[in-house]
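Q: Handing you this structure, nothing more for now.
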Amino acid sequence: MNSATLAEWSNAAVYASMVTLTFSLIAFAINFSARGQRGVARQSAAVSVSVGGAGATAADEERRTSPAEDLRGRRAGNIGLALAWLAFGLLLMGTTLRGIWAGRVPWGNMYEYSLSSGVAILGVYLVWSLRRDLRWLGLPIVGATLLTLGLAVTVLYTEAAQLVPALKSWWLVIHVSAAAICGGAFTFAASTAGLYLWRDRAERKDRVRGAVANLPAAAKLDLLTYRVLAFAFPLWTFAVIAGAIWAENAWGRYWGWDPKETWAFITWVIYAGYLHARSTAGWRGRRAAYIAILGWAAFLINYFGVNLFVNSLHSYAGV
Amino acid sequence: MAPAPTPPPLGAGGFLRWMWRQLTSMRIALILLFCLAVAAIPGSVLPQRGVDPVLVNAWISDAPTWGPILDRLGFFDVYAAPWFAAIYLLLFISVIGCVLPRTMHHIRALRTNPPPAPRRLTRMKEYRQFQLATSADEVLGNVEARLRSRRWRVSRGGDPQQGWVAAEKGYARETGNLVFHAALIALLIAVSYGSLFGWRGNVIVREGGGFSNTLTQYDAWGAGRMVSPDALDPFSITLTDFQVEFDRDSTQRGSPLLFEADVTVAPEPGEPTFTDAIRVNEPLSLGGAKVFLVGHGYAPQMIIRDADGRVVYDDNTIVLPQDGNQTSTGVMKAPDALPQLGFQALFLPTAAVDGVRGPHSTFPDTDDPAMFISAWIGDLGLDDGVPQSVYRLETDAMTQIGLRAIRPGEVWQLPDGVGSVEFGEIQRWASFQIAHDPGKEPALIAAGAALVGLMLSLFVKRRRVWIRATTGANGDTVVEVAALARHDETDLTDDVDAAVAAAEGRDR
């Protein structure tokens with residue numbers, strides 16, 4: 001296969017993945033708006049679900065749901081999840097082909113990095129969804145992935161080129177893959193934190209009706225956010241340390257307050273704050289959720305802002 | 001009647017105690033953390049002295065009102081500013097104030113046995129009850145031995161008819177937590193140590209040229225307070241060849257594919273030399289220092305003759321790149337000519353001229369090199385004793401006499417017969433950063449310890465298991481197993497399963 005065909009196949013796979021994701025998004029939207037798709041009884045057996053101030057028990061909620069609606073919503077969720085797996089496969093293929101085409105890891109510019117971010121966001125979600133029912137989270141996750149890929153193919157698209165010498169290092173693989181997985185996990189956690197805020201408000205006001213009733217209880221959302229960030233924070237710490245080792249090797253200093261480094265530090269400090277806030281009276285709950293979203297915002301500023309608008313040693317966007 | 005609440009003790013001692021309690025509270029630590037995050041932001045938006053001093057000066061002169069004010073407040077050197085240091089020092093004091101008492105507490109906990117079983121085990125999140133034919137004593141003996149071998153801390157009490165075993169595991173969570181915080185303090189100390197005892201120099205070397213590791217040879221030099229510049233390792237390096245290769249095909253045309261500096265190194269004067277290649281990402285280690293390749297550019301040979309045809313300047317003039325295509329600027333000064341001659345030069349490795357950008361280079365390699373020269377005559381101002389930059393021409397006391405583009409091998413006869421400029425061959429130069437940072441290994445160890453501690457503190461679960469065995473009316477033994485996690489939402493079924501298996505005399 002010559003390189004032009006490889007390039008076409010890579011682009012075709014990315015576009016096919018986006019089309020699949022669009023359908024997955026629609027399916028998840030139906031799933032989200034349909035009521036009671038979550039099989040409340042099934043999960044309440046394992047964990048005691050508290051619907052909080054709503055005063056309604058899981059059984060009440062289930063009783064209010066008609067079987068037909070229940071089935072439709074669940075089926076839509078399953079379709080969404082299956083399509084997300086398909087899109088993940090296609091995207092992985094597109095990214096891999098891109099790497100083969102360029103003859104290196106596909107992280108040489110922002111287009112390629114965005115593809116990998118899409119893989120990471122979807123990947124973190126799908127792997128986690130093997131362990132528990134996360135169909136309710138499909139909408140924001142697939143939405144975020146589509147947005148990332150949309151930006152990638154429109155604004156950030158670059159032809160494959162060889163790596164500039166500064167990127168020719170094994171640390172590229174280690175440092176960038178860790179950062180990309182963290183990006184996926186941060187996106188995941190920001191989604192669950194946002195949904196937590198929504199659900200929590202409904203529970204406080206005693207109005208757990210409509211789409212918000214489809215979400216897990218606020219306490220569960222909070223716990224899920226924590227679990228994902230408890231996984232992502234050490235990985236982010238590792239990504240920063242790996243970056244420092246690489247910087248020492250490439251630029252002669254391990255930390256130089258380059259804008260990218262500064263924002264990595266800010267992101268780290270915010271998530272450290274999150275972990276502490278969650279164990280501090282008066283900060284856990286809503287405040288902690290806002291901090292988790294703030295951390296994601298810092299990550300995004302670092303990703304888009306520093307690459308595109310700031311003069312940084314990390315400006316490899318190629319745009 | 002209840003006694004009236006005593007007011008907080010006034011006076012210096014009481015106030016200090018109150019301050020200390022506030023500072024070491026988690027709430028203040030959190031606020032300090034967020035202050036730290038916010039305080040770090042301006043350094044990523046405004047240019048910083050440590051990174052780009054030229055840009056800082058340009059910024060200040062462009063903003064005559066705010067520039068100097070921000071400068072006074074340290075906004076162009078945020079990470080060395082007193083207010084930034086105040087935040088992280090307060091934060092670290094807060095951390096120490098929190099970690100020390102917790103360490104004491106943890107050490108005590110490591111020496112004490114797990115507390116006895118509470119009376120009502122049924123209240124625990126995990127609770128199971130069953131009957132066994134073995135005696136209560138044997139059941140508890142089984143549990144004790146098996147849990148101990150699985151590295152639980154175990155204590156046992158009660159009497160043969162009704163006894164209990166209490167077991168606890170997961171002390172590594174708190175150990176990891178303490179290690180993490182201690183390692184962060186160690187990291188700060190390592191960074192400070194490195195900046196006190198480390199040094200860093202930059203030097204530009206032309207092909208065929210060299211330098212030795214002494215202070216006077218560096219173009220730029222910075223060192224910590226505890227560094228003695230006389231004690232530098234006496235190595236020297238010669239740049240034999242500098243290889244570059246640029247991308248010519250793809251859309252990222254002009255981006256570099258290869259930088260390689262081939263060097264000959266003499267570790268000490270008189271010692272045998274060796275050759276090596278320094279690339280980006282592949283520095284050369286020499287003693288305690290590392291030599292990094294950080295930049296490259298061109299050094300076109302310029303020969304200047306005065307009115308009599310006497311050579312007054314013959315040098316491979318270093319020109320500094322201004323963009324990715326190596327549009328470069330430089331200056332030549334001929335103080336021995338009479339009157340003195342000065343030249344501002346624009347070197348273009350691949351020359352192009354257009355109406356908008358003027359003369360500029362379109363490719364970083366020497367495909368079509370040209371030199372745009374502006375000639376000045378008059379007083380160079382070198383005799384005032386004020387040090388001048390070699391990259392800047394002071395034109396206050398000079399007049400421009402001509403402007404011309406020449407190519408290699410060409411000679412430009414200056415107007416009025418004041419002399420000539422000849423463009424010789426083109427050399428390359430490479431710039432190196434030589435750095436010695438004795439704090440970096442300790443910093444790496446501290447960072448690694450922090451990471452390990454962090455993972456322990458997040459992934460290890462601290463939990464307790466209680467087993468009570470009571471001899472029942474029919475001679476059977478009633479066994480109760482309960483478990484409790486120190487942190488909510490921990491799944492304890494595995495631990496209870498293990499305890500049940502142990503009570504039954506099984507391993508699993």
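Here, A, B, ... name the chains of the structure tokens in the order displayed, residue numbers run from 1 inside each chain, and ligands are numbered from 1 in the same displayed order.
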List the neighbours of segment 309-325 of chain B out to 10 Å using only C-alpha atoms; skip same-chain residues closer than 4 positions along the sequence, and give me the result as JSON, numbers by chain.
A: {"B": [204, 205, 206, 207, 253, 254, 255, 256, 295, 296, 297, 298, 299, 300, 301, 302, 303, 304, 305, 329, 330, 331, 332, 333, 334, 335, 336, 337, 338, 340, 341, 345, 346, 347, 348, 349, 350, 360, 361, 362, 363, 364, 365, 390, 391, 417, 418, 419, 420, 421, 422, 423, 424, 425, 426, 427, 428, 429]}
Q: Using only C-alpha atoms, find which residues of chain B lie within 7 Å of chain A and jot them down as number ranges by chain.
A: B: 26, 30, 33-34, 37, 40, 44, 250-252, 255-259, 280-283, 292, 294, 433, 435, 451, 454-455, 458
Q: Please, which residues of segment 175-379 of chain B, numbered as in this document, come out helix (DSSP H, G or I) from DSSP, as an mmCIF file with N, CA and C atoms, in the first residue's frame?
A:
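The resulting file, states.cif, is shown below:
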```cif
data_model
loop_
_atom_site.group_PDB
_atom_site.id
_atom_site.type_symbol
_atom_site.label_atom_id
_atom_site.label_comp_id
_atom_site.auth_asym_id
_atom_site.auth_seq_id
_atom_site.Cartn_x
_atom_site.Cartn_y
_atom_site.Cartn_z
ATOM 1 N N THR B 175 0.682 5.794 55.481
ATOM 2 C CA THR B 175 2.127 5.907 55.231
ATOM 3 C C THR B 175 2.365 6.604 53.897
ATOM 4 N N GLY B 176 1.638 6.152 52.860
ATOM 5 C CA GLY B 176 1.789 6.749 51.536
ATOM 6 C C GLY B 176 1.432 8.220 51.547
ATOM 7 N N ASN B 177 0.375 8.543 52.234
ATOM 8 C CA ASN B 177 -0.058 9.933 52.335
ATOM 9 C C ASN B 177 1.047 10.794 52.939
ATOM 10 N N LEU B 178 1.651 10.296 54.029
ATOM 11 C CA LEU B 178 2.704 11.062 54.694
ATOM 12 C C LEU B 178 3.951 11.142 53.814
ATOM 13 N N VAL B 179 4.272 10.017 53.150
ATOM 14 C CA VAL B 179 5.438 10.014 52.254
ATOM 15 C C VAL B 179 5.228 11.037 51.135
ATOM 16 N N PHE B 180 4.033 11.068 50.569
ATOM 17 C CA PHE B 180 3.735 12.008 49.489
ATOM 18 C C PHE B 180 4.017 13.440 49.926
ATOM 19 N N HIS B 181 3.486 13.826 51.074
ATOM 20 C CA HIS B 181 3.658 15.211 51.511
ATOM 21 C C HIS B 181 5.105 15.509 51.885
ATOM 22 N N ALA B 182 5.750 14.527 52.547
ATOM 23 C CA ALA B 182 7.162 14.731 52.895
ATOM 24 C C ALA B 182 8.009 14.848 51.634
ATOM 25 N N ALA B 183 7.655 14.038 50.607
ATOM 26 C CA ALA B 183 8.434 14.057 49.369
ATOM 27 C C ALA B 183 8.275 15.404 48.655
ATOM 28 N N LEU B 184 7.108 16.018 48.764
ATOM 29 C CA LEU B 184 6.937 17.335 48.144
ATOM 30 C C LEU B 184 7.854 18.353 48.807
ATOM 31 N N ILE B 185 7.979 18.249 50.133
ATOM 32 C CA ILE B 185 8.890 19.163 50.836
ATOM 33 C C ILE B 185 10.328 18.887 50.394
ATOM 34 N N ALA B 186 10.669 17.589 50.283
ATOM 35 C CA ALA B 186 12.006 17.218 49.817
ATOM 36 C C ALA B 186 12.247 17.754 48.407
ATOM 37 N N LEU B 187 11.213 17.718 47.580
ATOM 38 C CA LEU B 187 11.335 18.214 46.204
ATOM 39 C C LEU B 187 11.669 19.710 46.202
ATOM 40 N N LEU B 188 10.971 20.459 47.045
ATOM 41 C CA LEU B 188 11.244 21.898 47.133
ATOM 42 C C LEU B 188 12.679 22.144 47.569
ATOM 43 N N ILE B 189 13.139 21.345 48.554
ATOM 44 C CA ILE B 189 14.518 21.504 49.039
ATOM 45 C C ILE B 189 15.506 21.172 47.917
ATOM 46 N N ALA B 190 15.221 20.088 47.162
ATOM 47 C CA ALA B 190 16.121 19.687 46.068
ATOM 48 C C ALA B 190 16.194 20.775 44.999
ATOM 49 N N VAL B 191 15.038 21.368 44.685
ATOM 50 C CA VAL B 191 15.020 22.420 43.672
ATOM 51 C C VAL B 191 15.838 23.616 44.151
ATOM 52 N N SER B 192 15.670 23.982 45.425
ATOM 53 C CA SER B 192 16.436 25.124 45.951
ATOM 54 C C SER B 192 17.919 24.814 45.973
ATOM 55 N N TYR B 193 18.250 23.574 46.370
ATOM 56 C CA TYR B 193 19.656 23.170 46.394
ATOM 57 C C TYR B 193 20.258 23.298 44.997
ATOM 58 N N GLY B 194 19.497 22.816 43.995
ATOM 59 C CA GLY B 194 19.980 22.901 42.620
ATOM 60 C C GLY B 194 20.190 24.331 42.172
ATOM 61 N N SER B 195 19.311 25.228 42.603
ATOM 62 C CA SER B 195 19.476 26.597 42.126
ATOM 63 C C SER B 195 20.570 27.325 42.899
ATOM 64 N N LEU B 196 20.926 26.834 44.079
ATOM 65 C CA LEU B 196 22.027 27.458 44.817
ATOM 66 C C LEU B 196 23.388 26.975 44.305
ATOM 67 N N PHE B 197 23.467 25.687 43.980
ATOM 68 C CA PHE B 197 24.757 25.106 43.636
ATOM 69 C C PHE B 197 24.904 24.812 42.140
ATOM 70 N N LEU B 215 34.490 30.957 32.632
ATOM 71 C CA LEU B 215 33.455 31.981 32.671
ATOM 72 C C LEU B 215 33.549 32.951 31.495
ATOM 73 N N THR B 216 34.803 33.353 31.155
ATOM 74 C CA THR B 216 34.959 34.387 30.146
ATOM 75 C C THR B 216 34.523 33.937 28.762
ATOM 76 N N GLN B 217 34.439 32.627 28.542
ATOM 77 C CA GLN B 217 34.121 32.148 27.204
ATOM 78 C C GLN B 217 32.614 32.119 26.936
ATOM 79 N N PRO B 229 32.966 30.330 40.295
ATOM 80 C CA PRO B 229 33.256 30.195 38.863
ATOM 81 C C PRO B 229 34.672 29.711 38.577
ATOM 82 N N ASP B 230 35.550 29.757 39.561
ATOM 83 C CA ASP B 230 36.927 29.308 39.324
ATOM 84 C C ASP B 230 37.034 27.794 39.325
ATOM 85 N N ALA B 231 36.031 27.140 39.887
ATOM 86 C CA ALA B 231 36.146 25.694 40.093
ATOM 87 C C ALA B 231 35.447 24.889 39.001
#
```
Q: Among segment 5-240 of chain B, which ones does DSSP assign to strand (DSSP E) (computed from the backbone)? Answer as a PDB file with N, CA and C atoms, in the first residue's frame.
A:
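This went into states.pdb:
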```pdb
ATOM      1  N   GLU B 126     -20.750  -4.533  56.687  1.00  0.00           N
ATOM      2  CA  GLU B 126     -20.685  -5.934  56.283  1.00  0.00           C
ATOM      3  C   GLU B 126     -20.841  -6.785  57.538  1.00  0.00           C
ATOM      4  N   TYR B 127     -21.769  -7.694  57.531  1.00  0.00           N
ATOM      5  CA  TYR B 127     -21.972  -8.543  58.709  1.00  0.00           C
ATOM      6  C   TYR B 127     -22.450  -9.906  58.241  1.00  0.00           C
ATOM      7  N   ARG B 128     -21.831 -10.967  58.786  1.00  0.00           N
ATOM      8  CA  ARG B 128     -22.307 -12.314  58.488  1.00  0.00           C
ATOM      9  C   ARG B 128     -22.270 -13.148  59.757  1.00  0.00           C
ATOM     10  N   GLN B 129     -23.184 -14.089  59.825  1.00  0.00           N
ATOM     11  CA  GLN B 129     -23.228 -14.961  60.990  1.00  0.00           C
ATOM     12  C   GLN B 129     -23.437 -16.379  60.510  1.00  0.00           C
ATOM     13  N   PHE B 130     -22.720 -17.320  61.125  1.00  0.00           N
ATOM     14  CA  PHE B 130     -22.902 -18.732  60.753  1.00  0.00           C
ATOM     15  C   PHE B 130     -22.417 -19.601  61.911  1.00  0.00           C
ATOM     16  N   GLN B 131     -22.674 -20.933  61.785  1.00  0.00           N
ATOM     17  CA  GLN B 131     -22.307 -21.835  62.868  1.00  0.00           C
ATOM     18  C   GLN B 131     -21.274 -22.838  62.375  1.00  0.00           C
ATOM     19  N   LEU B 132     -20.364 -23.181  63.284  1.00  0.00           N
ATOM     20  CA  LEU B 132     -19.351 -24.180  62.966  1.00  0.00           C
ATOM     21  C   LEU B 132     -19.313 -25.224  64.079  1.00  0.00           C
ATOM     22  N   ARG B 153      -2.729  -6.948  60.851  1.00  0.00           N
ATOM     23  CA  ARG B 153      -2.342  -6.766  62.259  1.00  0.00           C
ATOM     24  C   ARG B 153      -3.497  -7.307  63.094  1.00  0.00           C
ATOM     25  N   VAL B 154      -3.148  -8.218  63.986  1.00  0.00           N
ATOM     26  CA  VAL B 154      -4.210  -8.973  64.648  1.00  0.00           C
ATOM     27  C   VAL B 154      -4.094  -8.831  66.160  1.00  0.00           C
ATOM     28  N   SER B 155      -5.221  -8.694  66.854  1.00  0.00           N
ATOM     29  CA  SER B 155      -5.220  -8.830  68.307  1.00  0.00           C
ATOM     30  C   SER B 155      -6.374  -9.758  68.694  1.00  0.00           C
ATOM     31  N   ARG B 156      -6.228 -10.390  69.854  1.00  0.00           N
ATOM     32  CA  ARG B 156      -7.217 -11.392  70.251  1.00  0.00           C
ATOM     33  C   ARG B 156      -7.550 -11.218  71.719  1.00  0.00           C
ATOM     34  N   GLY B 157      -8.787 -11.478  72.078  1.00  0.00           N
ATOM     35  CA  GLY B 157      -9.179 -11.319  73.477  1.00  0.00           C
ATOM     36  C   GLY B 157     -10.395 -12.161  73.800  1.00  0.00           C
ATOM     37  N   GLY B 158     -10.908 -12.000  75.011  1.00  0.00           N
ATOM     38  CA  GLY B 158     -12.082 -12.753  75.443  1.00  0.00           C
ATOM     39  C   GLY B 158     -11.687 -14.037  76.149  1.00  0.00           C
ATOM     40  N   GLN B 162     -16.354 -17.277  74.831  1.00  0.00           N
ATOM     41  CA  GLN B 162     -16.687 -16.183  73.924  1.00  0.00           C
ATOM     42  C   GLN B 162     -15.461 -15.309  73.734  1.00  0.00           C
ATOM     43  N   GLY B 163     -14.889 -15.389  72.550  1.00  0.00           N
ATOM     44  CA  GLY B 163     -13.686 -14.601  72.291  1.00  0.00           C
ATOM     45  C   GLY B 163     -13.794 -13.839  70.986  1.00  0.00           C
ATOM     46  N   TRP B 164     -12.826 -12.999  70.771  1.00  0.00           N
ATOM     47  CA  TRP B 164     -12.854 -12.214  69.532  1.00  0.00           C
ATOM     48  C   TRP B 164     -11.456 -12.059  68.959  1.00  0.00           C
ATOM     49  N   VAL B 165     -11.420 -11.807  67.682  1.00  0.00           N
ATOM     50  CA  VAL B 165     -10.186 -11.418  66.989  1.00  0.00           C
ATOM     51  C   VAL B 165     -10.472 -10.123  66.263  1.00  0.00           C
ATOM     52  N   ALA B 166      -9.594  -9.146  66.429  1.00  0.00           N
ATOM     53  CA  ALA B 166      -9.723  -7.896  65.674  1.00  0.00           C
ATOM     54  C   ALA B 166      -8.511  -7.786  64.755  1.00  0.00           C
ATOM     55  N   ALA B 167      -8.738  -7.418  63.500  1.00  0.00           N
ATOM     56  CA  ALA B 167      -7.626  -7.341  62.548  1.00  0.00           C
ATOM     57  C   ALA B 167      -7.749  -6.059  61.744  1.00  0.00           C
ATOM     58  N   GLU B 168      -6.627  -5.488  61.424  1.00  0.00           N
ATOM     59  CA  GLU B 168      -6.629  -4.252  60.644  1.00  0.00           C
ATOM     60  C   GLU B 168      -5.569  -4.324  59.558  1.00  0.00           C
ATOM     61  N   LYS B 169      -5.862  -3.718  58.430  1.00  0.00           N
ATOM     62  CA  LYS B 169      -4.955  -3.751  57.287  1.00  0.00           C
ATOM     63  C   LYS B 169      -5.033  -2.423  56.541  1.00  0.00           C
ATOM     64  N   TRP B 199      24.792  25.813  37.902  1.00  0.00           N
ATOM     65  CA  TRP B 199      25.110  26.921  37.004  1.00  0.00           C
ATOM     66  C   TRP B 199      24.700  26.550  35.595  1.00  0.00           C
ATOM     67  N   ARG B 200      24.605  27.566  34.744  1.00  0.00           N
ATOM     68  CA  ARG B 200      24.175  27.356  33.373  1.00  0.00           C
ATOM     69  C   ARG B 200      24.792  28.435  32.496  1.00  0.00           C
ATOM     70  N   GLY B 201      25.373  28.005  31.379  1.00  0.00           N
ATOM     71  CA  GLY B 201      25.967  28.977  30.469  1.00  0.00           C
ATOM     72  C   GLY B 201      25.554  28.708  29.042  1.00  0.00           C
ATOM     73  N   ASN B 202      25.536  29.765  28.236  1.00  0.00           N
ATOM     74  CA  ASN B 202      25.239  29.614  26.815  1.00  0.00           C
ATOM     75  C   ASN B 202      26.413  30.116  26.008  1.00  0.00           C
ATOM     76  N   VAL B 203      26.696  29.396  24.936  1.00  0.00           N
ATOM     77  CA  VAL B 203      27.814  29.810  24.110  1.00  0.00           C
ATOM     78  C   VAL B 203      27.500  29.484  22.644  1.00  0.00           C
ATOM     79  N   ILE B 204      27.933  30.400  21.763  1.00  0.00           N
ATOM     80  CA  ILE B 204      27.785  30.170  20.325  1.00  0.00           C
ATOM     81  C   ILE B 204      29.151  29.788  19.771  1.00  0.00           C
ATOM     82  N   VAL B 205      29.192  28.691  19.017  1.00  0.00           N
ATOM     83  CA  VAL B 205      30.456  28.207  18.470  1.00  0.00           C
ATOM     84  C   VAL B 205      30.318  28.054  16.961  1.00  0.00           C
ATOM     85  N   ARG B 206      31.276  28.614  16.226  1.00  0.00           N
ATOM     86  CA  ARG B 206      31.259  28.454  14.771  1.00  0.00           C
ATOM     87  C   ARG B 206      31.923  27.148  14.381  1.00  0.00           C
ATOM     88  N   GLY B 210      35.897  26.599  18.826  1.00  0.00           N
ATOM     89  CA  GLY B 210      35.719  25.833  20.041  1.00  0.00           C
ATOM     90  C   GLY B 210      35.556  26.750  21.227  1.00  0.00           C
ATOM     91  N   PHE B 211      35.420  26.146  22.370  1.00  0.00           N
ATOM     92  CA  PHE B 211      35.375  26.942  23.596  1.00  0.00           C
ATOM     93  C   PHE B 211      35.827  26.071  24.740  1.00  0.00           C
ATOM     94  N   SER B 212      36.308  26.715  25.802  1.00  0.00           N
ATOM     95  CA  SER B 212      36.612  25.955  27.003  1.00  0.00           C
ATOM     96  C   SER B 212      35.718  26.447  28.129  1.00  0.00           C
ATOM     97  N   ALA B 220      26.485  33.970  27.779  1.00  0.00           N
ATOM     98  CA  ALA B 220      25.550  34.254  28.867  1.00  0.00           C
ATOM     99  C   ALA B 220      25.836  33.242  29.959  1.00  0.00           C
ATOM    100  N   TRP B 221      25.657  33.652  31.178  1.00  0.00           N
ATOM    101  CA  TRP B 221      26.055  32.809  32.302  1.00  0.00           C
ATOM    102  C   TRP B 221      25.173  33.133  33.496  1.00  0.00           C
ATOM    103  N   GLY B 222      24.713  32.109  34.148  1.00  0.00           N
ATOM    104  CA  GLY B 222      23.938  32.320  35.362  1.00  0.00           C
ATOM    105  C   GLY B 222      24.271  31.213  36.334  1.00  0.00           C
ATOM    106  N   ALA B 223      24.401  31.577  37.605  1.00  0.00           N
ATOM    107  CA  ALA B 223      24.796  30.566  38.580  1.00  0.00           C
ATOM    108  C   ALA B 223      24.159  30.864  39.918  1.00  0.00           C
ATOM    109  N   SER B 236      37.225  21.289  27.243  1.00  0.00           N
ATOM    110  CA  SER B 236      37.029  22.175  26.104  1.00  0.00           C
ATOM    111  C   SER B 236      36.466  21.367  24.942  1.00  0.00           C
ATOM    112  N   ILE B 237      35.742  22.053  24.094  1.00  0.00           N
ATOM    113  CA  ILE B 237      35.012  21.394  23.015  1.00  0.00           C
ATOM    114  C   ILE B 237      35.284  22.131  21.710  1.00  0.00           C
ATOM    115  N   THR B 238      35.524  21.364  20.636  1.00  0.00           N
ATOM    116  CA  THR B 238      35.678  21.955  19.305  1.00  0.00           C
ATOM    117  C   THR B 238      34.554  21.450  18.415  1.00  0.00           C
ATOM    118  N   LEU B 239      33.909  22.370  17.717  1.00  0.00           N
ATOM    119  CA  LEU B 239      32.839  21.988  16.800  1.00  0.00           C
ATOM    120  C   LEU B 239      33.449  21.702  15.439  1.00  0.00           C
ATOM    121  N   THR B 240      33.576  20.408  15.090  1.00  0.00           N
ATOM    122  CA  THR B 240      34.207  20.086  13.813  1.00  0.00           C
ATOM    123  C   THR B 240      33.240  20.240  12.657  1.00  0.00           C
TER     124      THR B 240
END
```
Q: Work out how far atom CA of Glu203 of chain A is from atom CA of Leu484 of chain B, in Å to one decimal.
A: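 Taking atom CA of Leu484 of chain B as the start and atom CA of Glu203 of chain A as the end point, the length is 28.2 Å.
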Q: For Ala29 of chain A, list every protein, DNA or RNA residue within 10 Å, evaluated using only C-alpha atoms, and leave out those in the same chain fewer than 3 positions away; present the list as a PyMOL selection string.
A: chain A and resi 23-26+32-34+73+76-77+80+136+138-140
Q: Export, as a PDB file, in the first residue's frame, the selected residues with C-alpha atoms.
A:
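Output contents, as saved in result-v3.pdb:
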```pdb
ATOM      1  CA  PHE A  23     -25.540   8.087  15.289  1.00  0.00           C
ATOM      2  CA  SER A  24     -24.247   6.981  18.661  1.00  0.00           C
ATOM      3  CA  LEU A  25     -24.926  10.501  19.939  1.00  0.00           C
ATOM      4  CA  ILE A  26     -28.519  10.352  18.682  1.00  0.00           C
ATOM      5  CA  PHE A  32     -31.140  10.001  27.985  1.00  0.00           C
ATOM      6  CA  SER A  33     -34.552  11.493  27.359  1.00  0.00           C
ATOM      7  CA  ALA A  34     -36.440   8.203  27.674  1.00  0.00           C
ATOM      8  CA  GLY A  73     -34.689   3.721  26.397  1.00  0.00           C
ATOM      9  CA  ALA A  76     -31.329   3.073  22.525  1.00  0.00           C
ATOM     10  CA  GLY A  77     -28.611   3.017  25.187  1.00  0.00           C
ATOM     11  CA  GLY A  80     -25.413   3.967  21.439  1.00  0.00           C
ATOM     12  CA  TRP A 136     -26.382   7.516  31.054  1.00  0.00           C
ATOM     13  CA  GLY A 138     -22.804   8.356  26.834  1.00  0.00           C
ATOM     14  CA  LEU A 139     -24.264  11.661  25.706  1.00  0.00           C
ATOM     15  CA  PRO A 140     -21.621  14.033  27.143  1.00  0.00           C
TER      16      PRO A 140
END
```
Q: Please compute the atom CA of Ala297 of chain A-atom CA of Ala86 of chain B distance, one decimal, in Å.
A: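 We find that atom CA of Ala297 of chain A and atom CA of Ala86 of chain B lie 26.1 Å from each other.
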